[in-house]
Amino acid sequence: MSMDAEAVRAGVEALIGEYAEVIDEDRLEEWPDLFADACKYLVICRTNHEAGMRQGVMYAATRGMLLDRVFSIRKANLFEPHRYRHVIGPIRIKSVDDGVAVVHSHFICARIMQDGETSIFATGRYLDRIEMSAERYRFIERLVVLDSEKIDTLLAIPL
Amino acid sequence: MSMDAEAVRAGVEALIGEYAEVIDEDRLEEWPDLFADACKYLVICRTNHEAGMRQGVMYAATRGMLLDRVFSIRKANLFEPHRYRHVIGPIRIKSVDDGVAVVHSHFICARIMQDGETSIFATGRYLDRIEMSAERYRFIERLVVLDSEKIDTLLAIPL
Amino acid sequence: MSMDAEAVRAGVEALIGEYAEVIDEDRLEEWPDLFADACKYLVICRTNHEAGMRQGVMYAATRGMLLDRVFSIRKANLFEPHRYRHVIGPIRIKSVDDGVAVVHSHFICARIMQDGETSIFATGRYLDRIEMSAERYRFIERLVVLDSEKIDTLLAIPL
């Protein structure tokens, strides 16, 4: 593995780690900064993803839409307060081409309710396209493919 | 850490990541390819493992036996459809000698039933002996040591 | 990433992996060796941590106190036998300065009771200060910040 490959791995891991951290630590205002201006963020269940559907449980096509999502979470606040805790499986860099890395990883996400009740909320895969530049790495595309179709109606916070 | 150590780490992590991916993504036909021709695959609970027992819940001594297992899963299909999702803890390379790496890691595996019901199915350790060659890394031995003795009778898919 | 940065990452990951392994494999006698003589180990829930409180569910200020904890676990043995299984999310090195690395990671910890019953026991973050020396890496400080306030009274084994 060349030093460059090592640098790519470090940059990719830092971005994916940062993503989990800003969500799990409730620093949602920083979450859109991890995406490029024109981006795709989609949460979809596996069967719909495999059927080629492009609609999901949560969707954004620009960083502005991600900001709107955060704003509505902060403003509306219609759900019972809760937190997530993500753990991420092995991060796999599938290809690196023209400044873009295609990366797959997977996760188990626990949900912690205000009374401390903790359960497995979601499991699934991250299918990413990551823009690599000297300054920083950002998601051009992040598909969150959920293993279960039973998406809790409580899905308010991004996964 | 020398570049070589780095290459070993990258190869080991890729193999362990691939293993989780082919199982969790139901690409079981690719699972035997991750093993050497003569290999050992054993799923066993911790108390039996520590007692020195060599029989487990699932066992194979050749890649052919792994293929048989996949064939019977596809053919018999006697269990309620479900998926796994593995997350792997820190991967620890214990030794590298004569082209063989001894590697320990551990996992939590969630099971997702067809109705979306998700639960922790199994936790445990992977005790691996990995053959390293220029072309590819493969398991010579993978011991799956389960923390719990209560192995669900539903254990059909390899862990 | 320079070779040095790579060496730091490898050392940090090995220490954090070792920590999970000695606890999960019930090699608790080795657990204090992962800390410096003068150290801080604190298990605290998030709300108390954010409120600036310094008391937690478990606390030690020296390696001797960690040894005492292990001794009382082995001696008193007042709780129903159980094991943990940790999986650790992305390890993030926040800074490296003057031989000390500031490192954040997070975890989901499953608990396996003697009858095999497995559940999510705790989730949270590790906030570490790690002493780096040529011989070995050790924790100067490990804060275990739990997501849930509902700490099971069964918390006997360190997290």
# chains A, B, ... in the order shown; residues from 1 in each chain; ligands from 1
>>> interface_residues(of="chain A", to="chain B", cutoff="7 Å", atoms="only C-alpha atoms", output="ChimeraX atom specification")
/A:1,88-90,92,107-108,120,123,147-150
>>> select_by_dssp(residues="chain C", states="strand (DSSP E)", output="PyMOL selection string")
chain C and resi 35-45+58-62+82-88+92-97+100-113+118-132+137-146
>>> closest_residue(among="B:Val145, B:Val70, B:Ile151, B:Ala156", to="Glu50 of chain B", atoms="only C-alpha atoms")
B:Val145
>>> residues_around(residues="Ile157 of chain C", least_positions_apart="2", cutoff="8 Å", atoms="only C-alpha atoms", output="MDAnalysis selection string")
chainID C and resid 23 73 155 159
>>> select_by_dssp(residues="chain A", states="alpha helix (DSSP H)", output="VMD selection string")
chain A and resid 3 to 24 46 to 50 63 to 76
>>> residues_around(residues="Asp33 of chain A", least_positions_apart="3", cutoff="9 Å", atoms="only C-alpha atoms", output="VMD selection string")
chain A and resid 29 to 30 36 to 37 63 138
>>> residues_around(residues="Val102 of chain C", least_positions_apart="5", cutoff="7 Å", atoms="only C-alpha atoms", output="list in words")
Ile93, Lys94, Ser95, Val96, Asp128, Arg129 and Ile130 of chain C
>>> decode(residues="segment 96-121 of chain B", atoms="N, CA, C and O atoms", output="PDB file, in the first residue's frame")
ATOM      1  N   VAL B  96       2.926 -12.587  12.683  1.00  0.00           N
ATOM      2  CA  VAL B  96       3.049 -12.804  11.243  1.00  0.00           C
ATOM      3  C   VAL B  96       4.303 -13.633  11.055  1.00  0.00           C
ATOM      4  O   VAL B  96       5.395 -13.220  11.438  1.00  0.00           O
ATOM      5  N   ASP B  97       4.122 -14.810  10.501  1.00  0.00           N
ATOM      6  CA  ASP B  97       5.247 -15.731  10.429  1.00  0.00           C
ATOM      7  C   ASP B  97       5.073 -16.651   9.236  1.00  0.00           C
ATOM      8  O   ASP B  97       3.998 -17.242   9.066  1.00  0.00           O
ATOM      9  N   ASP B  98       6.122 -16.745   8.407  1.00  0.00           N
ATOM     10  CA  ASP B  98       6.104 -17.731   7.328  1.00  0.00           C
ATOM     11  C   ASP B  98       4.869 -17.604   6.442  1.00  0.00           C
ATOM     12  O   ASP B  98       4.266 -18.620   6.042  1.00  0.00           O
ATOM     13  N   GLY B  99       4.475 -16.384   6.172  1.00  0.00           N
ATOM     14  CA  GLY B  99       3.339 -16.182   5.274  1.00  0.00           C
ATOM     15  C   GLY B  99       1.984 -16.414   5.899  1.00  0.00           C
ATOM     16  O   GLY B  99       0.969 -16.440   5.207  1.00  0.00           O
ATOM     17  N   VAL B 100       1.977 -16.566   7.224  1.00  0.00           N
ATOM     18  CA  VAL B 100       0.697 -16.792   7.913  1.00  0.00           C
ATOM     19  C   VAL B 100       0.520 -15.760   9.028  1.00  0.00           C
ATOM     20  O   VAL B 100       1.405 -15.580   9.878  1.00  0.00           O
ATOM     21  N   ALA B 101      -0.609 -15.083   9.019  1.00  0.00           N
ATOM     22  CA  ALA B 101      -0.919 -14.127  10.081  1.00  0.00           C
ATOM     23  C   ALA B 101      -1.909 -14.742  11.054  1.00  0.00           C
ATOM     24  O   ALA B 101      -2.896 -15.352  10.638  1.00  0.00           O
ATOM     25  N   VAL B 102      -1.619 -14.591  12.340  1.00  0.00           N
ATOM     26  CA  VAL B 102      -2.572 -14.986  13.383  1.00  0.00           C
ATOM     27  C   VAL B 102      -3.289 -13.715  13.816  1.00  0.00           C
ATOM     28  O   VAL B 102      -2.639 -12.743  14.232  1.00  0.00           O
ATOM     29  N   VAL B 103      -4.594 -13.721  13.691  1.00  0.00           N
ATOM     30  CA  VAL B 103      -5.366 -12.485  13.877  1.00  0.00           C
ATOM     31  C   VAL B 103      -6.575 -12.748  14.770  1.00  0.00           C
ATOM     32  O   VAL B 103      -7.285 -13.744  14.591  1.00  0.00           O
ATOM     33  N   HIS B 104      -6.799 -11.864  15.728  1.00  0.00           N
ATOM     34  CA  HIS B 104      -7.989 -11.941  16.577  1.00  0.00           C
ATOM     35  C   HIS B 104      -8.867 -10.715  16.331  1.00  0.00           C
ATOM     36  O   HIS B 104      -8.368  -9.612  16.221  1.00  0.00           O
ATOM     37  N   SER B 105     -10.146 -10.956  16.280  1.00  0.00           N
ATOM     38  CA  SER B 105     -11.074  -9.830  16.272  1.00  0.00           C
ATOM     39  C   SER B 105     -12.340 -10.299  16.979  1.00  0.00           C
ATOM     40  O   SER B 105     -12.431 -11.454  17.390  1.00  0.00           O
ATOM     41  N   HIS B 106     -13.284  -9.403  17.181  1.00  0.00           N
ATOM     42  CA  HIS B 106     -14.529  -9.858  17.806  1.00  0.00           C
ATOM     43  C   HIS B 106     -15.692  -9.137  17.171  1.00  0.00           C
ATOM     44  O   HIS B 106     -15.535  -8.150  16.461  1.00  0.00           O
ATOM     45  N   PHE B 107     -16.867  -9.633  17.427  1.00  0.00           N
ATOM     46  CA  PHE B 107     -18.016  -9.130  16.679  1.00  0.00           C
ATOM     47  C   PHE B 107     -19.281  -9.111  17.520  1.00  0.00           C
ATOM     48  O   PHE B 107     -19.408  -9.854  18.498  1.00  0.00           O
ATOM     49  N   ILE B 108     -20.198  -8.259  17.095  1.00  0.00           N
ATOM     50  CA  ILE B 108     -21.597  -8.356  17.496  1.00  0.00           C
ATOM     51  C   ILE B 108     -22.364  -8.544  16.205  1.00  0.00           C
ATOM     52  O   ILE B 108     -22.137  -7.829  15.229  1.00  0.00           O
ATOM     53  N   CYS B 109     -23.249  -9.520  16.180  1.00  0.00           N
ATOM     54  CA  CYS B 109     -24.013  -9.811  14.967  1.00  0.00           C
ATOM     55  C   CYS B 109     -25.500  -9.652  15.254  1.00  0.00           C
ATOM     56  O   CYS B 109     -26.046 -10.326  16.126  1.00  0.00           O
ATOM     57  N   ALA B 110     -26.122  -8.747  14.525  1.00  0.00           N
ATOM     58  CA  ALA B 110     -27.575  -8.569  14.643  1.00  0.00           C
ATOM     59  C   ALA B 110     -28.257  -9.469  13.621  1.00  0.00           C
ATOM     60  O   ALA B 110     -27.689  -9.794  12.578  1.00  0.00           O
ATOM     61  N   ARG B 111     -29.467  -9.910  13.938  1.00  0.00           N
ATOM     62  CA  ARG B 111     -30.252 -10.702  12.994  1.00  0.00           C
ATOM     63  C   ARG B 111     -31.527  -9.949  12.662  1.00  0.00           C
ATOM     64  O   ARG B 111     -32.212  -9.460  13.550  1.00  0.00           O
ATOM     65  N   ILE B 112     -31.813  -9.851  11.376  1.00  0.00           N
ATOM     66  CA  ILE B 112     -32.985  -9.126  10.910  1.00  0.00           C
ATOM     67  C   ILE B 112     -33.938 -10.128  10.275  1.00  0.00           C
ATOM     68  O   ILE B 112     -33.627 -10.730   9.248  1.00  0.00           O
ATOM     69  N   MET B 113     -35.108 -10.341  10.903  1.00  0.00           N
ATOM     70  CA  MET B 113     -36.075 -11.287  10.353  1.00  0.00           C
ATOM     71  C   MET B 113     -36.837 -10.618   9.206  1.00  0.00           C
ATOM     72  O   MET B 113     -36.724  -9.416   8.981  1.00  0.00           O
ATOM     73  N   GLN B 114     -37.623 -11.417   8.497  1.00  0.00           N
ATOM     74  CA  GLN B 114     -38.284 -10.885   7.318  1.00  0.00           C
ATOM     75  C   GLN B 114     -39.271  -9.755   7.649  1.00  0.00           C
ATOM     76  O   GLN B 114     -39.487  -8.855   6.839  1.00  0.00           O
ATOM     77  N   ASP B 115     -39.851  -9.834   8.837  1.00  0.00           N
ATOM     78  CA  ASP B 115     -40.788  -8.775   9.229  1.00  0.00           C
ATOM     79  C   ASP B 115     -40.062  -7.533   9.755  1.00  0.00           C
ATOM     80  O   ASP B 115     -40.692  -6.591  10.211  1.00  0.00           O
ATOM     81  N   GLY B 116     -38.730  -7.559   9.719  1.00  0.00           N
ATOM     82  CA  GLY B 116     -37.965  -6.393  10.144  1.00  0.00           C
ATOM     83  C   GLY B 116     -37.501  -6.464  11.590  1.00  0.00           C
ATOM     84  O   GLY B 116     -36.675  -5.667  12.020  1.00  0.00           O
ATOM     85  N   GLU B 117     -38.053  -7.395  12.337  1.00  0.00           N
ATOM     86  CA  GLU B 117     -37.656  -7.578  13.737  1.00  0.00           C
ATOM     87  C   GLU B 117     -36.138  -7.751  13.832  1.00  0.00           C
ATOM     88  O   GLU B 117     -35.568  -8.645  13.200  1.00  0.00           O
ATOM     89  N   THR B 118     -35.487  -6.911  14.607  1.00  0.00           N
ATOM     90  CA  THR B 118     -34.028  -6.918  14.708  1.00  0.00           C
ATOM     91  C   THR B 118     -33.596  -7.171  16.151  1.00  0.00           C
ATOM     92  O   THR B 118     -34.116  -6.566  17.070  1.00  0.00           O
ATOM     93  N   SER B 119     -32.650  -8.076  16.318  1.00  0.00           N
ATOM     94  CA  SER B 119     -32.150  -8.358  17.664  1.00  0.00           C
ATOM     95  C   SER B 119     -30.679  -8.757  17.596  1.00  0.00           C
ATOM     96  O   SER B 119     -30.161  -9.066  16.529  1.00  0.00           O
ATOM     97  N   ILE B 120     -30.025  -8.725  18.746  1.00  0.00           N
ATOM     98  CA  ILE B 120     -28.659  -9.243  18.803  1.00  0.00           C
ATOM     99  C   ILE B 120     -28.750 -10.758  18.725  1.00  0.00           C
ATOM    100  O   ILE B 120     -29.395 -11.390  19.546  1.00  0.00           O
ATOM    101  N   PHE B 121     -28.106 -11.325  17.739  1.00  0.00           N
ATOM    102  CA  PHE B 121     -28.192 -12.763  17.538  1.00  0.00           C
ATOM    103  C   PHE B 121     -27.021 -13.473  18.196  1.00  0.00           C
ATOM    104  O   PHE B 121     -27.173 -14.494  18.846  1.00  0.00           O
TER     105      PHE B 121
END
